[in-house]
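To be precise, the following lines are protein_8.cif, and they hold mmCIF, C-alpha atoms.
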```cif
data_data
loop_
_atom_site.label_atom_id
_atom_site.label_comp_id
_atom_site.auth_asym_id
_atom_site.auth_seq_id
_atom_site.Cartn_x
_atom_site.Cartn_y
_atom_site.Cartn_z
CA MET A 1 91.30 123.83 88.95
CA PRO A 2 92.41 126.23 91.70
CA ARG A 3 90.40 126.75 94.83
CA SER A 4 88.45 129.98 95.09
CA PRO A 5 89.25 132.46 97.89
CA LEU A 6 87.48 132.01 101.22
CA ARG A 7 86.34 134.46 103.83
CA SER A 8 87.08 133.69 107.46
CA PRO A 9 84.07 132.41 109.43
CA LYS A 10 82.21 135.00 111.44
CA PRO A 11 83.50 135.18 115.03
CA SER A 12 79.97 134.52 116.25
CA ILE A 13 80.03 130.97 114.82
CA ASP A 14 81.06 128.42 117.44
CA LEU A 15 83.67 126.09 115.93
CA SER A 16 84.59 124.35 119.18
CA GLN A 17 82.44 121.25 118.64
CA HIS A 18 83.61 120.63 115.09
CA LEU A 19 87.23 121.75 114.68
CA MET A 20 90.31 119.91 115.97
CA LEU A 21 93.98 120.67 115.45
CA MET A 22 97.20 118.66 115.20
CA ARG A 23 99.07 121.52 116.87
CA GLU A 24 102.23 119.53 117.52
CA GLN A 25 102.80 119.05 113.79
CA SER A 26 104.14 122.59 113.60
CA PRO A 27 104.73 125.25 116.26
CA HIS A 28 104.17 127.84 113.53
CA HIS A 29 100.74 126.50 112.52
CA PRO A 30 98.30 129.34 111.65
CA ALA A 31 96.09 128.20 114.53
CA ALA A 32 98.85 127.84 117.11
CA GLU A 33 97.33 130.64 119.20
CA GLU A 34 93.69 129.75 118.58
CA THR A 35 91.54 128.01 121.14
CA VAL A 36 90.99 124.78 119.25
CA ALA A 37 90.57 121.25 120.59
CA GLU A 38 93.57 118.96 120.21
CA VAL A 39 93.20 115.78 118.18
CA PRO A 40 92.89 112.90 120.68
CA ALA A 41 95.38 110.05 120.77
CA GLU A 42 92.80 107.74 119.19
CA LEU A 43 90.23 108.60 116.54
CA SER A 44 87.16 106.49 117.22
CA SER A 45 83.44 107.02 117.57
CA PRO A 46 83.47 106.49 121.38
CA VAL A 47 86.26 109.03 121.85
CA LEU A 48 85.04 111.66 119.38
CA PHE A 49 81.26 111.28 119.52
CA GLU A 50 80.53 109.24 122.65
CA ASN A 51 78.70 106.54 120.69
CA ASP A 52 79.57 103.36 118.83
CA TRP A 53 78.33 104.28 115.35
CA PRO A 54 80.40 103.34 112.28
CA LEU A 55 83.14 105.90 111.60
CA GLU A 56 83.94 107.24 108.12
CA LEU A 57 87.04 109.28 107.26
CA GLU A 58 87.47 111.84 104.49
CA ILE A 59 90.95 113.03 103.52
CA GLY A 60 91.14 116.45 101.89
CA SER A 61 87.77 117.88 102.91
CA GLY A 62 88.13 121.23 101.15
CA LYS A 63 85.05 123.33 101.82
CA GLY A 64 83.28 120.52 103.66
CA LEU A 65 80.40 119.84 101.28
CA PHE A 66 80.78 116.07 101.50
CA LEU A 67 81.06 116.02 105.30
CA ALA A 68 77.96 118.18 105.69
CA THR A 69 75.77 116.33 103.20
CA ALA A 70 76.93 112.82 104.08
CA SER A 71 76.56 113.31 107.83
CA GLN A 72 73.02 114.64 107.37
CA ALA A 73 72.09 111.87 104.92
CA THR A 74 73.52 109.10 107.15
CA PRO A 75 72.55 109.98 110.72
CA GLY A 76 73.62 106.57 112.07
CA HIS A 77 77.26 107.10 111.04
CA ASN A 78 79.97 109.46 112.25
CA PHE A 79 82.25 111.38 109.89
CA VAL A 80 85.70 112.89 110.40
CA GLY A 81 87.52 114.94 107.78
CA ILE A 82 91.19 115.89 107.57
CA GLU A 83 92.19 119.09 105.76
CA ILE A 84 95.79 120.32 105.65
CA VAL A 85 94.90 123.94 104.74
CA HIS A 86 93.73 125.55 107.98
CA LYS A 87 91.44 128.18 106.46
CA TYR A 88 89.53 125.42 104.64
CA ALA A 89 89.30 123.37 107.84
CA LYS A 90 87.81 126.40 109.61
CA HIS A 91 85.38 126.96 106.73
CA THR A 92 84.30 123.32 106.99
CA ALA A 93 83.85 123.60 110.77
CA ALA A 94 81.68 126.66 110.26
CA ARG A 95 79.58 124.79 107.68
CA LEU A 96 79.11 121.87 110.06
CA SER A 97 78.25 124.20 112.94
CA LYS A 98 75.66 126.15 110.95
CA ALA A 99 74.06 122.90 109.76
CA ASP A 100 74.00 121.45 113.30
CA CYS A 101 75.92 118.37 112.16
CA GLU A 102 76.48 116.63 115.47
CA ASN A 103 77.98 113.53 113.84
CA ALA A 104 80.79 115.25 111.90
CA LYS A 105 84.10 116.92 112.80
CA ILE A 106 87.10 118.27 110.89
CA ILE A 107 90.80 118.05 111.72
CA SER A 108 93.22 120.76 110.62
CA GLY A 109 96.44 118.91 109.90
CA ASP A 110 98.35 116.32 107.88
CA ALA A 111 96.61 112.99 107.31
CA GLY A 112 99.80 110.91 107.23
CA PRO A 113 100.66 110.88 110.96
CA ILE A 114 96.98 110.49 111.87
CA LEU A 115 96.57 107.41 109.70
CA ARG A 116 99.82 105.97 111.01
CA ASP A 117 99.40 106.63 114.74
CA ARG A 118 95.83 107.44 115.75
CA ILE A 119 93.44 105.04 114.04
CA ALA A 120 93.08 101.49 115.31
CA PRO A 121 93.26 98.62 112.80
CA GLY A 122 89.88 97.52 111.52
CA SER A 123 88.05 100.49 113.04
CA LEU A 124 86.85 102.45 109.99
CA GLU A 125 83.71 101.87 107.97
CA ALA A 126 84.92 103.88 104.97
CA VAL A 127 87.68 106.13 103.67
CA HIS A 128 86.80 108.85 101.16
CA VAL A 129 89.28 110.67 98.91
CA TYR A 130 87.66 112.98 96.36
CA PHE A 131 89.53 115.08 93.79
CA PRO A 132 92.92 115.16 95.53
CA ASP A 133 95.67 117.45 94.26
CA PRO A 134 97.23 115.59 91.29
CA TRP A 135 100.69 117.12 91.80
CA TRP A 136 101.29 117.28 88.07
CA LYS A 137 105.12 117.38 88.04
CA LYS A 138 106.71 113.94 88.15
CA ARG A 139 109.12 114.89 90.93
CA HIS A 140 106.16 115.96 93.10
CA ARG A 141 104.03 112.84 92.69
CA LYS A 142 105.28 111.37 95.95
CA ARG A 143 103.16 114.08 97.60
CA ARG A 144 99.93 112.63 96.25
CA VAL A 145 97.42 111.76 98.95
CA VAL A 146 96.75 108.34 97.45
CA ASN A 147 100.13 106.61 97.37
CA GLU A 148 101.56 103.23 98.36
CA THR A 149 101.93 104.19 102.01
CA SER A 150 98.48 105.72 102.43
CA VAL A 151 96.75 102.86 100.63
CA LYS A 152 98.36 100.38 103.04
CA HIS A 153 97.16 102.54 105.95
CA PHE A 154 93.63 102.61 104.49
CA LEU A 155 93.66 98.83 104.17
CA THR A 156 94.78 98.38 107.78
CA ALA A 157 92.32 100.92 109.19
CA LEU A 158 89.24 99.57 107.41
CA ARG A 159 87.14 96.77 108.82
CA PRO A 160 86.55 93.68 106.62
CA GLY A 161 83.99 94.82 104.05
CA GLY A 162 84.92 98.46 104.63
CA ARG A 163 85.01 100.80 101.64
CA PHE A 164 87.61 103.05 100.05
CA HIS A 165 86.11 105.62 97.64
CA PHE A 166 88.43 107.36 95.17
CA TRP A 167 87.28 109.97 92.63
CA THR A 168 89.39 112.18 90.39
CA ASP A 169 89.07 114.10 87.14
CA VAL A 170 92.72 113.38 86.22
CA LEU A 171 92.92 110.24 84.07
CA ASP A 172 96.64 109.68 84.65
CA TYR A 173 96.16 109.83 88.43
CA PHE A 174 93.21 107.47 88.20
CA GLU A 175 94.96 104.88 86.03
CA SER A 176 98.22 104.91 87.96
CA THR A 177 96.35 104.63 91.27
CA VAL A 178 94.28 101.64 90.14
CA GLU A 179 97.47 99.90 88.97
CA MET A 180 99.26 100.73 92.21
CA ILE A 181 96.44 99.44 94.42
CA ALA A 182 96.35 96.16 92.52
CA ALA A 183 100.07 95.74 93.20
CA VAL A 184 100.35 96.82 96.85
CA ALA A 185 96.90 96.02 98.28
CA PRO A 186 95.38 92.99 96.52
CA GLU A 187 93.08 92.55 99.53
CA PHE A 188 91.03 95.40 98.07
CA GLY A 189 90.12 93.25 95.09
CA VAL A 190 88.96 94.81 91.85
CA PRO A 191 87.78 98.43 91.68
CA ILE A 192 84.00 98.82 91.53
CA PRO A 193 82.82 101.66 89.26
CA GLU A 194 80.56 104.23 90.93
CA GLN A 195 77.93 105.97 88.84
CA LYS A 196 77.27 109.67 88.99
CA LYS A 197 73.80 110.57 90.17
CA GLN A 198 71.69 113.32 88.72
CA SER A 199 71.83 116.49 90.78
CA THR A 200 68.57 118.09 91.89
CA HIS A 201 69.96 121.44 93.07
CA ASP A 202 73.14 123.50 92.85
CA LEU A 203 74.89 121.90 95.83
CA ASP A 204 73.67 118.35 95.19
CA TYR A 205 77.17 117.04 94.50
CA ARG A 206 79.61 115.04 96.57
CA THR A 207 82.15 117.90 96.54
CA HIS A 208 82.57 121.35 95.02
CA PHE A 209 85.15 119.89 92.65
CA GLU A 210 82.59 117.41 91.33
CA ARG A 211 80.18 120.29 90.76
CA ARG A 212 82.77 122.28 88.82
CA SER A 213 83.93 119.28 86.79
CA ARG A 214 80.41 118.37 85.76
CA GLN A 215 79.42 121.93 84.98
CA ASN A 216 82.46 122.20 82.72
CA GLN A 217 81.83 118.75 81.20
CA ILE A 218 85.12 117.34 82.50
CA PRO A 219 85.06 113.54 82.86
CA VAL A 220 85.17 112.22 86.42
CA TYR A 221 86.57 108.78 87.22
CA ARG A 222 84.86 107.14 90.21
CA VAL A 223 85.62 103.83 91.91
CA ARG A 224 85.30 102.21 95.28
CA TYR A 225 87.10 99.26 96.80
CA GLU A 226 85.75 96.87 99.43
CA LYS A 227 88.22 95.22 101.77
CA ARG A 228 88.07 91.47 101.64
CA GLY A 229 87.48 89.67 104.90
#
```
Go through the file and emit its structure as structure tokens.
Amino acid sequence: MPRSPLRSPKPSIDLSQHLMLMREQSPHHPAAEETVAEVPAELSSPVLFENDWPLELEIGSGKGLFLATASQATPGHNFVGIEIVHKYAKHTAARLSKADCENAKIISGDAGPILRDRIAPGSLEAVHVYFPDPWWKKRHRKRRVVNETSVKHFLTALRPGGRFHFWTDVLDYFESTVEMIAAVAPEFGVPIPEQKKQSTHDLDYRTHFERRSRQNQIPVYRVRYEKRG
């Protein structure tokens, strides 16, 4: 399902405490001239939040519903999202700013180099990937967020016992991913099914894509993995 159009955040909303940019990834980035904090050389709770709380990472944050709700529901954890589409990253930063989410930030950029170069081994509590682009055409599937390379990065970045959550409404993506993880990252063990919870209000969903899938009665496939010690 395509994303709906977004309006730019109001200029009066301060994004400086919540938005970071991988500016060096492209000199032609839409935010190249914006005053946005650079992503630090290391993503960790002490560097980003000046505390030692467990750090959770979401890849593909979209409109930021998960980051906002999870950070408010889990005040003893920090959350960082990565969103490659800049206007969605800005929208998420505005959502976090308006909700006074002091334990959440969003990065505008590509997750691949960040996972490879800026996250210390064994430093993450959890990795979340919800409803990633399925890249339907076979020749494009190498672009999928959850692939052999990224799964190995997740495994390295997570602490023993750390969690990887993967949800999608595309059965082929789900089945091929479960098979791939079993082959390339056996340290994750068997996938653990996650149950949907009953929503109590219109935004009581993990992401907007979950909301739309459930409202349209589209099956959602939910699992988590826990890294073996």
Give me the region 114-214 of chain A side of the contact with region 221-224 of chain A, cut-off 10 Å, one line per residue showing its nearest atom pair and distance in Å at one decimal, counting all atoms listed in the file, sorted by chain and residue number, as a tab-separated table.
```
residue	atom	partner	partner_atom	distance
A:Ala126	CA	A:Arg224	CA	9.8
A:Val127	CA	A:Arg224	CA	9.6
A:His128	CA	A:Arg224	CA	9.0
A:Tyr130	CA	A:Arg222	CA	8.9
A:Phe131	CA	A:Tyr221	CA	9.6
A:Arg163	CA	A:Arg224	CA	6.5
A:Phe164	CA	A:Arg224	CA	5.4
A:His165	CA	A:Arg224	CA	4.2
A:Phe166	CA	A:Val223	CA	5.6
A:Trp167	CA	A:Arg222	CA	4.4
A:Thr168	CA	A:Tyr221	CA	5.4
A:Asp169	CA	A:Tyr221	CA	5.9
A:Val170	CA	A:Tyr221	CA	7.7
A:Leu171	CA	A:Tyr221	CA	7.2
A:Tyr173	CA	A:Tyr221	CA	9.7
A:Phe174	CA	A:Tyr221	CA	6.8
A:Glu175	CA	A:Tyr221	CA	9.3
A:Val178	CA	A:Val223	CA	9.1
A:Phe188	CA	A:Arg224	CA	9.3
A:Val190	CA	A:Arg224	CA	8.9
A:Pro191	CA	A:Arg224	CA	5.8
A:Ile192	CA	A:Arg224	CA	5.2
A:Pro193	CA	A:Val223	CA	4.4
A:Glu194	CA	A:Val223	CA	5.2
A:Gln195	CA	A:Arg222	CA	7.2
A:Lys196	CA	A:Arg222	CA	8.1
```
Written file, previous selection with C-alpha atoms, as a PDB file, in the coordinates of the input:
```pdb
ATOM      1  CA  ALA A 126      84.920 103.880 104.970  1.00  0.00           C
ATOM      2  CA  VAL A 127      87.680 106.130 103.670  1.00  0.00           C
ATOM      3  CA  HIS A 128      86.800 108.850 101.160  1.00  0.00           C
ATOM      4  CA  TYR A 130      87.660 112.980  96.360  1.00  0.00           C
ATOM      5  CA  PHE A 131      89.530 115.080  93.790  1.00  0.00           C
ATOM      6  CA  ARG A 163      85.010 100.800 101.640  1.00  0.00           C
ATOM      7  CA  PHE A 164      87.610 103.050 100.050  1.00  0.00           C
ATOM      8  CA  HIS A 165      86.110 105.620  97.640  1.00  0.00           C
ATOM      9  CA  PHE A 166      88.430 107.360  95.170  1.00  0.00           C
ATOM     10  CA  TRP A 167      87.280 109.970  92.630  1.00  0.00           C
ATOM     11  CA  THR A 168      89.390 112.180  90.390  1.00  0.00           C
ATOM     12  CA  ASP A 169      89.070 114.100  87.140  1.00  0.00           C
ATOM     13  CA  VAL A 170      92.720 113.380  86.220  1.00  0.00           C
ATOM     14  CA  LEU A 171      92.920 110.240  84.070  1.00  0.00           C
ATOM     15  CA  TYR A 173      96.160 109.830  88.430  1.00  0.00           C
ATOM     16  CA  PHE A 174      93.210 107.470  88.200  1.00  0.00           C
ATOM     17  CA  GLU A 175      94.960 104.880  86.030  1.00  0.00           C
ATOM     18  CA  VAL A 178      94.280 101.640  90.140  1.00  0.00           C
ATOM     19  CA  PHE A 188      91.030  95.400  98.070  1.00  0.00           C
ATOM     20  CA  VAL A 190      88.960  94.810  91.850  1.00  0.00           C
ATOM     21  CA  PRO A 191      87.780  98.430  91.680  1.00  0.00           C
ATOM     22  CA  ILE A 192      84.000  98.820  91.530  1.00  0.00           C
ATOM     23  CA  PRO A 193      82.820 101.660  89.260  1.00  0.00           C
ATOM     24  CA  GLU A 194      80.560 104.230  90.930  1.00  0.00           C
ATOM     25  CA  GLN A 195      77.930 105.970  88.840  1.00  0.00           C
ATOM     26  CA  LYS A 196      77.270 109.670  88.990  1.00  0.00           C
TER      27      LYS A 196
END
```
Original post:
CA of Gly64 (chain A) and CA of Glu34 (chain A) are how many Å apart?
Top reply: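 Going from CA of Gly64 (chain A) over to CA of Glu34 (chain A) covers 20.4 Å.
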**OP:** Rank A:Asn103, A:Tyr225, A:Ala93, A:Phe154 by their smallest atom-to-atom distance to Pro46 (chain A), using all atoms listed in the file, and report the top residue only.
**Re:** A:Asn103
Subject >> Output check: residues returned by the PyMOL selection byres ((chain A and resi 37-45) around 7), as a PyMOL selection string >> reply: chain A and resi 16+19-23+35-36+46-53+55+78+118-119
Subject >> Pairwise distance for CA of Ile59 (chain A) and CA of Asp100 (chain A), rounded to one decimal in Å >> reply: 21.3 Å
Original post:
Residues at most 6 Å from Arg159 (chain A), counting all atoms listed in the file, excluding those fewer than 3 positions away in the same chain, as a ChimeraX atom specification?
Top reply: /A:122-124,162
**OP:** Do a neighbour search on Ser8 (chain A) at 8 Å with only C-alpha atoms, toss out local chain neighbours closer than 3 positions, and write the hits as a count of residues only.
**Re:** 3
Subject >> Nearest-residue call for Ile82 (chain A), choices A:Leu158, A:Ile106, A:Val220, A:Ile13, using all atoms listed in the file >> reply: A:Ile106
**OP:** List the neighbours of Ile84 (chain A) out to 12 Å using all atoms listed in the file; skip same-chain residues closer than 5 positions along the sequence, and give me the result as a VMD selection string.
**Re:** chain A and resid 20 to 23 25 to 26 29 to 31 58 to 63 89 to 90 92 106 to 114 132 to 133 145
Original post:
Which distance in Å separates CA of Ala157 (chain A) and CA of Ser176 (chain A), to one decimal?
Top reply: 22.4 Å
**OP:** Find the residues around Arg228 (chain A) up to 6 Å (all atoms listed in the file counted), leave out those fewer than 6 positions away in its own chain, and share them as an NGL selection string.
**Re:** :A and (160-161 or 187)
Pull C-alpha atoms from the residues just selected and write them as a PDB file, in the frame of the given file.
```pdb
ATOM      1  CA  PRO A 160      86.550  93.680 106.620  1.00  0.00           C
ATOM      2  CA  GLY A 161      83.990  94.820 104.050  1.00  0.00           C
ATOM      3  CA  GLU A 187      93.080  92.550  99.530  1.00  0.00           C
TER       4      GLU A 187
END
```
With all atoms of region 5-23 of chain A from the file as input, state the centre and edge lengths in Å to one decimal of the axis-aligned box that has 4 Å extra on each side, as AutoDock Vina command-line options.
```
--center_x 89.5 --center_y 126.9 --center_z 108.5 --size_x 27.1 --size_y 24.5 --size_z 29.3
```
**OP:** Identify which of the residues A:Lys138, A:Arg143, A:Arg116, A:His18 lies closest to Val80 (chain A), counting all atoms listed in the file when measuring atom-to-atom distances.
**Re:**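 Of the candidates, the smallest distance to Val80 (chain A) is held by A:His18.
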Subject >> Phe79 (chain A) surroundings by all atoms listed in the file, 6 Å radius, close-in-sequence under 5 positions cut, as a PyMOL selection string >> reply: chain A and resi 55-57+104
